[in-house]
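Trainee: Sharing protein-v6.pdb below, PDB, C-alpha atoms and all ligand atoms:
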MODEL        1
ATOM      1  CA  MET X   1     -27.827 -13.961 -18.610
ATOM      2  CA  LYS X   2     -26.040 -17.237 -17.966
ATOM      3  CA  ARG X   3     -22.614 -17.840 -19.496
ATOM      4  CA  TRP X   4     -20.128 -20.703 -19.601
ATOM      5  CA  SER X   5     -16.918 -20.810 -17.605
ATOM      6  CA  LEU X   6     -14.429 -23.535 -16.762
ATOM      7  CA  VAL X   7     -12.868 -24.132 -13.361
ATOM      8  CA  ILE X   8      -9.688 -26.224 -13.268
ATOM      9  CA  ASP X   9      -8.304 -27.543  -9.991
ATOM     10  CA  VAL X  10      -4.544 -27.957 -10.406
ATOM     11  CA  GLU X  11      -4.282 -30.099  -7.273
ATOM     12  CA  ARG X  12      -6.710 -32.647  -8.709
ATOM     13  CA  CYS X  13      -5.097 -32.965 -12.127
ATOM     14  CA  GLU X  14      -2.998 -36.136 -12.366
ATOM     15  CA  GLY X  15      -1.756 -35.482 -15.890
ATOM     16  CA  CYS X  16      -3.593 -38.542 -17.248
ATOM     17  CA  HIS X  17      -4.419 -36.713 -20.512
ATOM     18  CA  ASN X  18      -7.954 -38.151 -20.589
ATOM     19  CA  CYS X  19      -9.228 -34.630 -21.369
ATOM     20  CA  PHE X  20      -6.794 -34.335 -24.260
ATOM     21  CA  LEU X  21      -7.853 -37.739 -25.620
ATOM     22  CA  ALA X  22     -11.566 -36.945 -25.245
ATOM     23  CA  CYS X  23     -10.956 -33.749 -27.226
ATOM     24  CA  LYS X  24      -9.244 -35.793 -29.939
ATOM     25  CA  ASP X  25     -12.073 -38.312 -29.951
ATOM     26  CA  GLU X  26     -14.623 -35.541 -30.358
ATOM     27  CA  HIS X  27     -12.863 -33.458 -32.987
ATOM     28  CA  VAL X  28     -10.432 -35.592 -35.007
ATOM     29  CA  GLY X  29     -12.255 -36.793 -38.093
ATOM     30  CA  ASN X  30     -15.353 -34.758 -37.145
ATOM     31  CA  ALA X  31     -16.312 -31.361 -38.496
ATOM     32  CA  TRP X  32     -19.072 -29.610 -36.559
ATOM     33  CA  LYS X  33     -21.055 -27.368 -38.863
ATOM     34  CA  GLY X  34     -20.474 -23.672 -38.176
ATOM     35  CA  ILE X  35     -18.317 -24.505 -35.150
ATOM     36  CA  SER X  36     -15.104 -26.178 -36.312
ATOM     37  CA  LEU X  37     -13.440 -28.202 -39.016
ATOM     38  CA  GLU X  38     -11.763 -31.489 -38.187
ATOM     39  CA  GLN X  39      -8.916 -31.276 -35.712
ATOM     40  CA  PRO X  40      -5.649 -32.603 -37.155
ATOM     41  CA  LYS X  41      -4.791 -36.058 -35.873
ATOM     42  CA  HIS X  42      -1.225 -35.110 -34.960
ATOM     43  CA  GLY X  43       0.471 -32.005 -33.619
ATOM     44  CA  SER X  44      -2.687 -30.364 -32.346
ATOM     45  CA  GLU X  45      -3.512 -29.663 -28.703
ATOM     46  CA  TRP X  46      -6.759 -27.825 -28.063
ATOM     47  CA  ILE X  47      -6.180 -28.554 -24.396
ATOM     48  CA  ARG X  48      -2.483 -28.524 -23.544
ATOM     49  CA  ILE X  49      -1.317 -30.117 -20.299
ATOM     50  CA  LEU X  50       1.726 -28.285 -18.962
ATOM     51  CA  ARG X  51       3.876 -29.993 -16.346
ATOM     52  CA  LYS X  52       5.939 -28.518 -13.551
ATOM     53  CA  GLU X  53       8.237 -30.324 -11.139
ATOM     54  CA  ARG X  54       9.083 -28.557  -7.883
ATOM     55  CA  GLY X  55      11.664 -29.169  -5.194
ATOM     56  CA  GLN X  56      14.588 -31.472  -4.700
ATOM     57  CA  PHE X  57      14.969 -34.945  -3.266
ATOM     58  CA  PRO X  58      13.390 -35.945  -0.933
ATOM     59  CA  VAL X  59      10.637 -33.304  -1.215
ATOM     60  CA  ILE X  60       9.394 -33.158  -4.775
ATOM     61  CA  ASP X  61       5.963 -32.600  -6.240
ATOM     62  CA  VAL X  62       4.622 -32.405  -9.759
ATOM     63  CA  ALA X  63       1.749 -30.219 -10.918
ATOM     64  CA  TYR X  64      -0.152 -30.323 -14.197
ATOM     65  CA  LEU X  65      -1.853 -27.318 -15.723
ATOM     66  CA  PRO X  66      -4.523 -28.021 -18.374
ATOM     67  CA  THR X  67      -4.727 -25.021 -20.704
ATOM     68  CA  PRO X  68      -7.517 -24.765 -23.287
ATOM     69  CA  CYS X  69      -8.647 -21.531 -24.950
ATOM     70  CA  MET X  70      -9.586 -19.123 -22.149
ATOM     71  CA  HIS X  71     -12.786 -17.957 -23.908
ATOM     72  CA  CYS X  72     -11.817 -14.423 -22.950
ATOM     73  CA  ASP X  73     -14.399 -11.676 -22.472
ATOM     74  CA  ASP X  74     -12.054  -9.201 -24.179
ATOM     75  CA  PRO X  75     -10.309 -11.518 -26.643
ATOM     76  CA  SER X  76      -7.388 -10.332 -28.745
ATOM     77  CA  CYS X  77      -8.160 -13.025 -31.359
ATOM     78  CA  VAL X  78     -11.504 -11.318 -32.061
ATOM     79  CA  LYS X  79      -9.735  -7.989 -32.578
ATOM     80  CA  ALA X  80      -7.140  -9.537 -34.897
ATOM     81  CA  ALA X  81      -9.720 -11.169 -37.160
ATOM     82  CA  THR X  82     -11.201  -9.547 -40.217
ATOM     83  CA  ASN X  83     -14.833 -10.087 -41.401
ATOM     84  CA  GLY X  84     -15.897 -11.011 -37.847
ATOM     85  CA  ALA X  85     -14.205 -14.381 -38.353
ATOM     86  CA  VAL X  86     -13.791 -14.774 -34.599
ATOM     87  CA  TYR X  87     -16.708 -13.871 -32.412
ATOM     88  CA  LYS X  88     -17.919 -14.113 -28.871
ATOM     89  CA  ARG X  89     -21.327 -15.628 -28.285
ATOM     90  CA  SER X  90     -23.718 -14.311 -25.694
ATOM     91  CA  ASP X  91     -23.129 -17.511 -23.688
ATOM     92  CA  GLY X  92     -19.429 -16.595 -23.277
ATOM     93  CA  ILE X  93     -17.964 -18.996 -25.857
ATOM     94  CA  VAL X  94     -15.397 -17.617 -28.336
ATOM     95  CA  LEU X  95     -15.612 -19.305 -31.741
ATOM     96  CA  ILE X  96     -13.644 -19.146 -34.965
ATOM     97  CA  ASP X  97     -15.872 -19.276 -38.022
ATOM     98  CA  PRO X  98     -14.120 -21.929 -40.141
ATOM     99  CA  GLU X  99     -15.176 -20.355 -43.453
ATOM    100  CA  LYS X 100     -14.580 -16.678 -42.685
ATOM    101  CA  ALA X 101     -11.267 -17.426 -40.969
ATOM    102  CA  GLU X 102      -9.726 -19.213 -43.934
ATOM    103  CA  GLY X 103      -6.176 -17.923 -44.494
ATOM    104  CA  GLN X 104      -6.205 -15.665 -41.401
ATOM    105  CA  ARG X 105      -3.049 -16.731 -39.644
ATOM    106  CA  ASP X 106      -2.968 -13.529 -37.571
ATOM    107  CA  ILE X 107      -5.741 -14.975 -35.444
ATOM    108  CA  VAL X 108      -3.294 -17.584 -34.136
ATOM    109  CA  ARG X 109      -0.542 -15.021 -33.559
ATOM    110  CA  ALA X 110      -2.873 -12.677 -31.665
ATOM    111  CA  CYS X 111      -3.592 -15.014 -28.758
ATOM    112  CA  PRO X 112      -1.306 -14.202 -25.811
ATOM    113  CA  TYR X 113      -2.060 -17.634 -24.307
ATOM    114  CA  GLY X 114      -0.911 -19.505 -27.400
ATOM    115  CA  ALA X 115      -4.335 -21.182 -27.543
ATOM    116  CA  GLY X 116      -4.780 -20.880 -31.284
ATOM    117  CA  GLU X 117      -3.278 -23.338 -33.756
ATOM    118  CA  TRP X 118      -2.769 -23.199 -37.481
ATOM    119  CA  ASN X 119      -4.312 -26.091 -39.379
ATOM    120  CA  ALA X 120      -1.927 -26.155 -42.341
ATOM    121  CA  GLU X 121      -3.901 -28.746 -44.256
ATOM    122  CA  LYS X 122      -7.160 -26.774 -44.177
ATOM    123  CA  GLY X 123      -5.528 -23.324 -44.034
ATOM    124  CA  VAL X 124      -7.551 -22.203 -41.015
ATOM    125  CA  PRO X 125      -6.877 -21.157 -37.433
ATOM    126  CA  GLN X 126      -8.406 -23.465 -34.841
ATOM    127  CA  LYS X 127      -8.764 -23.768 -31.108
ATOM    128  CA  CYS X 128     -10.930 -25.207 -28.342
ATOM    129  CA  THR X 129     -14.600 -24.536 -29.055
ATOM    130  CA  LEU X 130     -15.739 -25.435 -25.552
ATOM    131  CA  CYS X 131     -17.536 -28.184 -27.466
ATOM    132  CA  ALA X 132     -20.209 -25.633 -28.379
ATOM    133  CA  HIS X 133     -21.885 -28.176 -30.689
ATOM    134  CA  LEU X 134     -22.520 -30.431 -27.682
ATOM    135  CA  LEU X 135     -23.611 -27.671 -25.308
ATOM    136  CA  ASP X 136     -25.973 -26.385 -27.999
ATOM    137  CA  SER X 137     -27.560 -29.804 -28.201
ATOM    138  CA  GLY X 138     -28.183 -30.000 -24.482
ATOM    139  CA  TRP X 139     -24.960 -31.406 -23.038
ATOM    140  CA  LYS X 140     -24.253 -30.096 -19.552
ATOM    141  CA  GLU X 141     -20.479 -30.155 -20.001
ATOM    142  CA  PRO X 142     -17.862 -30.412 -22.764
ATOM    143  CA  ARG X 143     -16.140 -33.721 -23.542
ATOM    144  CA  CYS X 144     -12.918 -32.963 -21.653
ATOM    145  CA  VAL X 145     -14.860 -32.141 -18.485
ATOM    146  CA  GLN X 146     -16.934 -35.296 -18.792
ATOM    147  CA  ALA X 147     -13.795 -37.404 -19.316
ATOM    148  CA  CYS X 148     -11.842 -36.153 -16.298
ATOM    149  CA  PRO X 149     -11.742 -39.003 -13.732
ATOM    150  CA  THR X 150     -10.632 -36.841 -10.806
ATOM    151  CA  GLY X 151     -13.081 -33.965 -11.173
ATOM    152  CA  ALA X 152     -10.230 -31.557 -11.913
ATOM    153  CA  LEU X 153     -12.282 -29.906 -14.648
ATOM    154  CA  ARG X 154     -15.652 -28.324 -13.969
ATOM    155  CA  SER X 155     -17.886 -26.345 -16.298
ATOM    156  CA  LEU X 156     -20.336 -23.795 -14.972
ATOM    157  CA  TYR X 157     -23.240 -22.197 -16.797
ATOM    158  CA  VAL X 158     -24.191 -19.399 -14.451
ATOM    159  CA  GLU X 159     -24.850 -15.683 -14.206
ATOM    160  CA  ASP X 160     -21.702 -13.534 -14.032
ATOM    161  CA  SER X 161     -22.623 -12.507 -10.482
ATOM    162  CA  GLU X 162     -22.682 -16.184  -9.456
ATOM    163  CA  MET X 163     -19.356 -16.830 -11.200
ATOM    164  CA  LYS X 164     -17.870 -13.885  -9.332
ATOM    165  CA  ARG X 165     -19.172 -15.323  -6.065
ATOM    166  CA  VAL X 166     -17.707 -18.765  -6.864
ATOM    167  CA  ALA X 167     -14.363 -17.216  -7.858
ATOM    168  CA  GLU X 168     -14.180 -15.308  -4.590
ATOM    169  CA  SER X 169     -15.364 -18.076  -2.295
ATOM    170  CA  GLU X 170     -13.102 -20.705  -3.898
ATOM    171  CA  ARG X 171     -10.201 -18.259  -4.288
ATOM    172  CA  LEU X 172      -9.933 -18.869  -7.998
ATOM    173  CA  ASP X 173      -7.299 -17.226 -10.174
ATOM    174  CA  VAL X 174      -6.960 -16.650 -13.882
ATOM    175  CA  LEU X 175      -3.708 -17.121 -15.772
ATOM    176  CA  HIS X 176      -1.860 -13.941 -16.732
ATOM    177  CA  PRO X 177      -4.440 -11.340 -15.748
ATOM    178  CA  GLU X 178      -1.886  -8.791 -17.001
ATOM    179  CA  TYR X 179      -2.809  -9.775 -20.581
ATOM    180  CA  GLY X 180      -6.060  -7.890 -19.985
ATOM    181  CA  THR X 181      -8.278 -10.299 -21.937
ATOM    182  CA  SER X 182     -10.567 -11.272 -19.012
ATOM    183  CA  PRO X 183     -10.384 -15.080 -19.313
ATOM    184  CA  ARG X 184     -13.379 -17.276 -18.465
ATOM    185  CA  VAL X 185     -11.166 -20.214 -17.467
ATOM    186  CA  TYR X 186     -10.449 -20.113 -13.753
ATOM    187  CA  TYR X 187      -7.900 -22.060 -11.733
ATOM    188  CA  ARG X 188      -7.932 -23.456  -8.235
ATOM    189  CA  ASN X 189      -4.657 -24.141  -6.416
ATOM    190  CA  VAL X 190      -2.661 -22.672  -9.275
ATOM    191  CA  PHE X 191       0.119 -21.924  -6.774
ATOM    192  CA  ARG X 192       1.129 -25.559  -7.297
ATOM    193  CA  PHE X 193       2.235 -24.539 -10.768
ATOM    194  CA  LEU X 194       3.182 -20.896 -10.395
ATOM    195  CA  CYS X 195       4.769 -20.660  -6.957
ATOM    196  CA  CYS X 196       7.579 -22.339  -5.068
ATOM    197  CA  PHE X 197       8.203 -23.631  -1.542
ATOM    198  CA  ILE X 198      10.842 -23.918   1.141
ATOM    199  CA  SER X 199      10.900 -27.273   2.933
ATOM    200  CA  GLY X 200      13.192 -28.949   5.388
ATOM    201  CA  SER X 201      13.502 -31.423   8.235
ATOM    202  CA  VAL X 202      14.504 -30.919  11.855
ATOM    203  CA  ALA X 203      16.275 -33.523  13.985
ATOM    204  CA  PHE X 204      18.361 -33.844  17.130
ATOM    205  CA  GLU X 205      20.880 -36.355  18.293
ATOM    206  CA  LYS X 206      19.852 -38.994  20.800
ATOM    207  CA  ASP X 207      21.870 -42.039  21.870
ATOM    208  CA  GLY X 208      24.219 -41.591  18.944
ATOM    209  CA  HIS X 209      21.633 -41.332  16.195
ATOM    210  CA  ALA X 210      19.343 -38.698  14.671
ATOM    211  CA  GLU X 211      15.811 -38.455  16.039
ATOM    212  CA  CYS X 212      12.990 -36.619  14.194
ATOM    213  CA  ALA X 213      12.159 -33.382  16.004
ATOM    214  CA  GLU X 214       8.379 -33.368  16.093
ATOM    215  CA  GLY X 215       6.801 -30.104  17.235
ATOM    216  CA  ALA X 216       9.795 -27.858  16.525
ATOM    217  CA  ARG X 217       8.750 -24.309  15.680
ATOM    218  CA  VAL X 218       9.891 -22.867  12.361
ATOM    219  CA  ILE X 219       9.452 -19.179  11.656
ATOM    220  CA  LEU X 220       9.975 -17.738   8.187
ATOM    221  CA  LEU X 221      11.112 -14.123   7.994
ATOM    222  CA  LYS X 222      11.716 -11.758   5.100
ATOM    223  CA  ASP X 223      13.128  -8.269   5.617
ATOM    224  CA  GLY X 224      12.486  -8.713   9.333
ATOM    225  CA  GLN X 225       8.762  -9.413   8.755
ATOM    226  CA  ARG X 226       7.177 -12.737   9.674
ATOM    227  CA  ARG X 227       5.999 -14.501   6.515
ATOM    228  CA  GLY X 228       5.179 -17.879   8.008
ATOM    229  CA  ASP X 229       5.065 -19.804  11.266
ATOM    230  CA  THR X 230       4.689 -23.564  11.471
ATOM    231  CA  MET X 231       5.462 -26.660  13.556
ATOM    232  CA  THR X 232       7.276 -29.736  12.325
ATOM    233  CA  ASP X 233       5.217 -32.914  11.876
ATOM    234  CA  THR X 234       5.864 -36.407  13.261
ATOM    235  CA  TYR X 235       8.773 -36.824  10.863
ATOM    236  CA  GLY X 236      10.304 -33.474  11.794
ATOM    237  CA  ASP X 237       9.336 -32.032   8.405
ATOM    238  CA  PHE X 238       8.148 -28.499   7.616
ATOM    239  CA  LYS X 239       7.108 -26.665   4.472
ATOM    240  CA  PHE X 240       6.221 -23.087   3.527
ATOM    241  CA  ASP X 241       4.097 -23.052   0.375
ATOM    242  CA  PRO X 242       3.274 -20.938  -1.593
ATOM    243  CA  LEU X 243       6.146 -18.472  -1.931
ATOM    244  CA  GLU X 244       7.012 -16.336  -4.886
ATOM    245  CA  GLU X 245       9.837 -17.546  -7.144
ATOM    246  CA  ASN X 246      12.958 -15.343  -7.259
ATOM    247  CA  SER X 247      11.698 -13.412  -4.258
ATOM    248  CA  GLY X 248      15.079 -12.904  -2.591
ATOM    249  CA  ARG X 249      16.477 -13.608   0.845
ATOM    250  CA  TYR X 250      14.574 -15.363   3.639
ATOM    251  CA  ARG X 251      15.569 -16.353   7.147
ATOM    252  CA  LEU X 252      14.379 -19.504   8.916
ATOM    253  CA  GLU X 253      14.417 -19.662  12.714
ATOM    254  CA  VAL X 254      14.140 -23.204  14.038
ATOM    255  CA  SER X 255      13.537 -23.726  17.741
ATOM    256  CA  LEU X 256      12.644 -26.550  20.123
ATOM    257  CA  GLU X 257      12.557 -26.454  23.891
ATOM    258  CA  GLY X 258      15.865 -27.565  25.357
ATOM    259  CA  PHE X 259      17.884 -26.756  22.212
ATOM    260  CA  GLU X 260      19.611 -23.696  20.858
ATOM    261  CA  THR X 261      17.704 -21.867  18.055
ATOM    262  CA  LYS X 262      19.159 -22.471  14.601
ATOM    263  CA  ILE X 263      19.140 -19.859  11.829
ATOM    264  CA  ILE X 264      19.162 -20.709   8.135
ATOM    265  CA  GLU X 265      19.446 -18.138   5.345
ATOM    266  CA  VAL X 266      17.873 -18.892   1.962
ATOM    267  CA  ASP X 267      18.163 -16.953  -1.284
ATOM    268  CA  LEU X 268      14.932 -18.111  -2.904
ATOM    269  CA  LYS X 269      14.929 -18.631  -6.650
ATOM    270  CA  THR X 270      12.856 -21.767  -7.012
ATOM    271  CA  SER X 271      11.579 -24.495  -4.662
ATOM    272  CA  ILE X 272      14.246 -25.621  -2.247
ATOM    273  CA  HIS X 273      14.660 -28.335   0.371
ATOM    274  CA  VAL X 274      17.105 -26.992   2.954
ATOM    275  CA  GLY X 275      17.981 -30.485   4.193
ATOM    276  CA  THR X 276      18.039 -31.620   7.824
ATOM    277  CA  VAL X 277      18.564 -28.964  10.456
ATOM    278  CA  MET X 278      20.340 -30.604  13.389
ATOM    279  CA  LEU X 279      19.490 -28.905  16.694
TER
HETATM  280  S1  LIG V   1      -7.352 -17.535 -25.071
HETATM  281 FE1  LIG V   1      -6.621 -16.641 -26.986
HETATM  282  S2  LIG V   1      -7.822 -17.661 -28.580
HETATM  283 FE2  LIG V   1      -8.906 -17.986 -26.651
HETATM  284  S3  LIG V   1     -10.398 -16.257 -26.522
HETATM  285 FE3  LIG V   1      -8.547 -15.637 -25.390
HETATM  286  S4  LIG V   1      -7.378 -14.499 -26.930
HETATM  287 FE4  LIG V   1      -8.881 -15.725 -28.074
HETATM  288  S1  LIG V   2     -13.973 -28.022 -24.351
HETATM  289 FE1  LIG V   2     -14.118 -29.453 -26.101
HETATM  290  S2  LIG V   2     -12.859 -28.467 -27.656
HETATM  291 FE2  LIG V   2     -12.274 -27.496 -25.727
HETATM  292  S3  LIG V   2     -10.520 -28.692 -24.962
HETATM  293 FE3  LIG V   2     -12.385 -29.562 -24.053
HETATM  294  S4  LIG V   2     -12.944 -31.279 -25.429
HETATM  295 FE4  LIG V   2     -11.526 -29.916 -26.578
ENDMDL
END
How would this structure read if it were set down as structure tokens?
Mentor:
Amino acid sequence: MKRWSLVIDVERCEGCHNCFLACKDEHVGNAWKGISLEQPKHGSEWIRILRKERGQFPVIDVAYLPTPCMHCDDPSCVKAATNGAVYKRSDGIVLIDPEKAEGQRDIVRACPYGAGEWNAEKGVPQKCTLCAHLLDSGWKEPRCVQACPTGALRSLYVEDSEMKRVAESERLDVLHPEYGTSPRVYYRNVFRFLCCFISGSVAFEKDGHAECAEGARVILLKDGQRRGDTMTDTYGDFKFDPLEENSGRYRLEVSLEGFETKIIEVDLKTSIHVGTVML
């Protein structure tokens, strides 16, 4: 049986919020019978775009993480609801019945991803519906996916075995697998949001000024084990990414023929630019 999943590529997301606006356009002022009541105009985010800045000048990057409801296969919101007010459809979509869910604020509290919202005006919990009303009428993708100009969002309607194959071949991750809810929203390049890096530049002195050391070898060691090995680029720059935040002490060995090897120690908490290593 085919089921819906979303794949979100963090490296492609530019934080333009087109997905967020498309969601507003589809749901604010529109109730979709049996699927959802109107989304509030303000203060509601059925797809939330989180932002993370990494590094220090001059090596900085920014990643955006779109987070809708994960349409979990083992959803805690379903368990928290009474009267079957939240249910999972055979096509993978998790929906809140707007009538049965009236007054059930626990449904919002139960979601470990914070995907549910309380609509105070209507007195109902709400969340992303995966635009089930559109998919049911033949749309091939929800509004947010259609609106994404960079192709960062992708919807798939495939057999679970095919989704498993895609997840493995594209090295997809889910957010917080430790929650145990089996999300159907997958992420590509999520290291851009969850992990950190060590970067730096290598130079040497020539005729009284600094020259970029292209082709210098940089080895990254942790507890005596090699964790990375790279060469500097034309500008003498190097980067090890991804690394785990707060993962302790690392040692960088920087070498170039004709120069003495330089050692740099790093206590890694978050992304760090070690500056220019002068050989
Ligand atoms: S992300 Fe939260 S609201 Fe969505 S299905 Fe999972 S538990 Fe339910
Ligand atoms: S799938 Fe539909 S309801 Fe869910 S975030 Fe995208 S536009 Fe909003």
Trainee: Please determine an axis-aligned box that encloses all atoms of ligand LIG 2 (chain V) listed in the file, with 8 Å added on each side, and express its centre and edge lengths in Å to one decimal as AutoDock Vina command-line options.
Mentor:
--center_x -12.3 --center_y -29.4 --center_z -25.9 --size_x 19.6 --size_y 19.8 --size_z 19.6
Trainee: Excluding region 50-56 of chain X and its own-chain neighbours fewer than 5 positions away, which residues fall within 12 Å of it when counting only C-alpha atoms? Please give them as a PyMOL selection string.
Mentor: chain X and resi 10+13-17+20+45+61-68+190-200+239-242+245+268-275
Trainee: CA of Glu244 (chain X) to CA of Ile47 (chain X): how many Å, to one decimal?
Mentor: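 Between these atoms lies a distance of 26.5 Å.
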Trainee: So which residues are near ligand LIG 1 (chain V), meaning at most 6 Å away with all atoms listed in the file counted, given back as a list in words?
Mentor: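 Every residue with an atom at most 6 Å from ligand LIG 1 (chain V) is listed here: Cys69, Met70, His71, Cys72, Pro75, Ser76, Cys77, Val94, Cys111, Pro112, Tyr113, Ala115 and Gly116 of chain X.
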Trainee: Counting all atoms listed in the file, which of X:Asp73, X:Glu11, X:Glu162, X:Glu26 gets nearest to ligand LIG 2 (chain V)?
Mentor: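 Going through X:Asp73, X:Glu11, X:Glu162, X:Glu26 one by one, the smallest distance to ligand LIG 2 (chain V) is for X:Glu26.
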Trainee: Compute the set of protein, DNA and RNA residues whose minimum atom distance to ligand LIG 2 (chain V) is at most 7 Å, using only C-alpha atoms and all ligand atoms, and state it as number ranges by chain.
Mentor: X: 19-20, 22-23, 26, 46-47, 68, 128-131, 142-145
Trainee: If we count only C-alpha atoms and set the cut-off at 6 Å, which residues sit around Val7 (chain X), ignoring sequence neighbours fewer than 5 positions away in its own chain? Please answer as a PDB file with C-alpha atoms, in the coordinates of the input.
Mentor:
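Output file out19.pdb follows:
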ATOM      1  CA  LEU X 153     -12.282 -29.906 -14.648  1.00  0.00           C
ATOM      2  CA  ARG X 154     -15.652 -28.324 -13.969  1.00  0.00           C
ATOM      3  CA  VAL X 185     -11.166 -20.214 -17.467  1.00  0.00           C
ATOM      4  CA  TYR X 186     -10.449 -20.113 -13.753  1.00  0.00           C
ATOM      5  CA  TYR X 187      -7.900 -22.060 -11.733  1.00  0.00           C
TER       6      TYR X 187
END
Trainee: Using all atoms listed in the file, which of X:Lys122, X:Gly236, X:Tyr179, X:Asp267 sits nearest Leu221 (chain X)?
Mentor: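 Going through X:Lys122, X:Gly236, X:Tyr179, X:Asp267 one by one, the smallest distance to Leu221 (chain X) is for X:Asp267.
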Trainee: Rank nothing, just name the residue among X:Leu252, X:Ala80, X:Leu156, X:Val277 nearest to Gln225 (chain X), using only C-alpha atoms.
Mentor: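 Closest residue, counting only C-alpha atoms: X:Leu252.
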Trainee: Which polymer residues have any atom within 12 Å of an atom of Gly224 (chain X), counting only C-alpha atoms, with same-chain residues fewer than 6 positions away left out, as a PDB file with C-alpha atoms, in the coordinates of the input?
Mentor:
ATOM      1  CA  ARG X 249      16.477 -13.608   0.845  1.00  0.00           C
ATOM      2  CA  TYR X 250      14.574 -15.363   3.639  1.00  0.00           C
ATOM      3  CA  ARG X 251      15.569 -16.353   7.147  1.00  0.00           C
ATOM      4  CA  LEU X 252      14.379 -19.504   8.916  1.00  0.00           C
ATOM      5  CA  GLU X 253      14.417 -19.662  12.714  1.00  0.00           C
TER       6      GLU X 253
END
Trainee: Considering all atoms listed in the file, state which residue in the set X:Val124, X:Val28, X:Ile93, X:Cys148 is at the smallest distance from Asp106 (chain X).
Mentor: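 Using all atoms listed in the file, Asp106 (chain X) sits closest to X:Val124.
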Trainee: Using all atoms listed in the file, give me every residue within 12 Å of (-17.6, -17.0, -13.8) in file coordinates, as a PyMOL selection string.
Mentor: chain X and resi 1-7+70-73+91-92+154-170+172-174+182-187
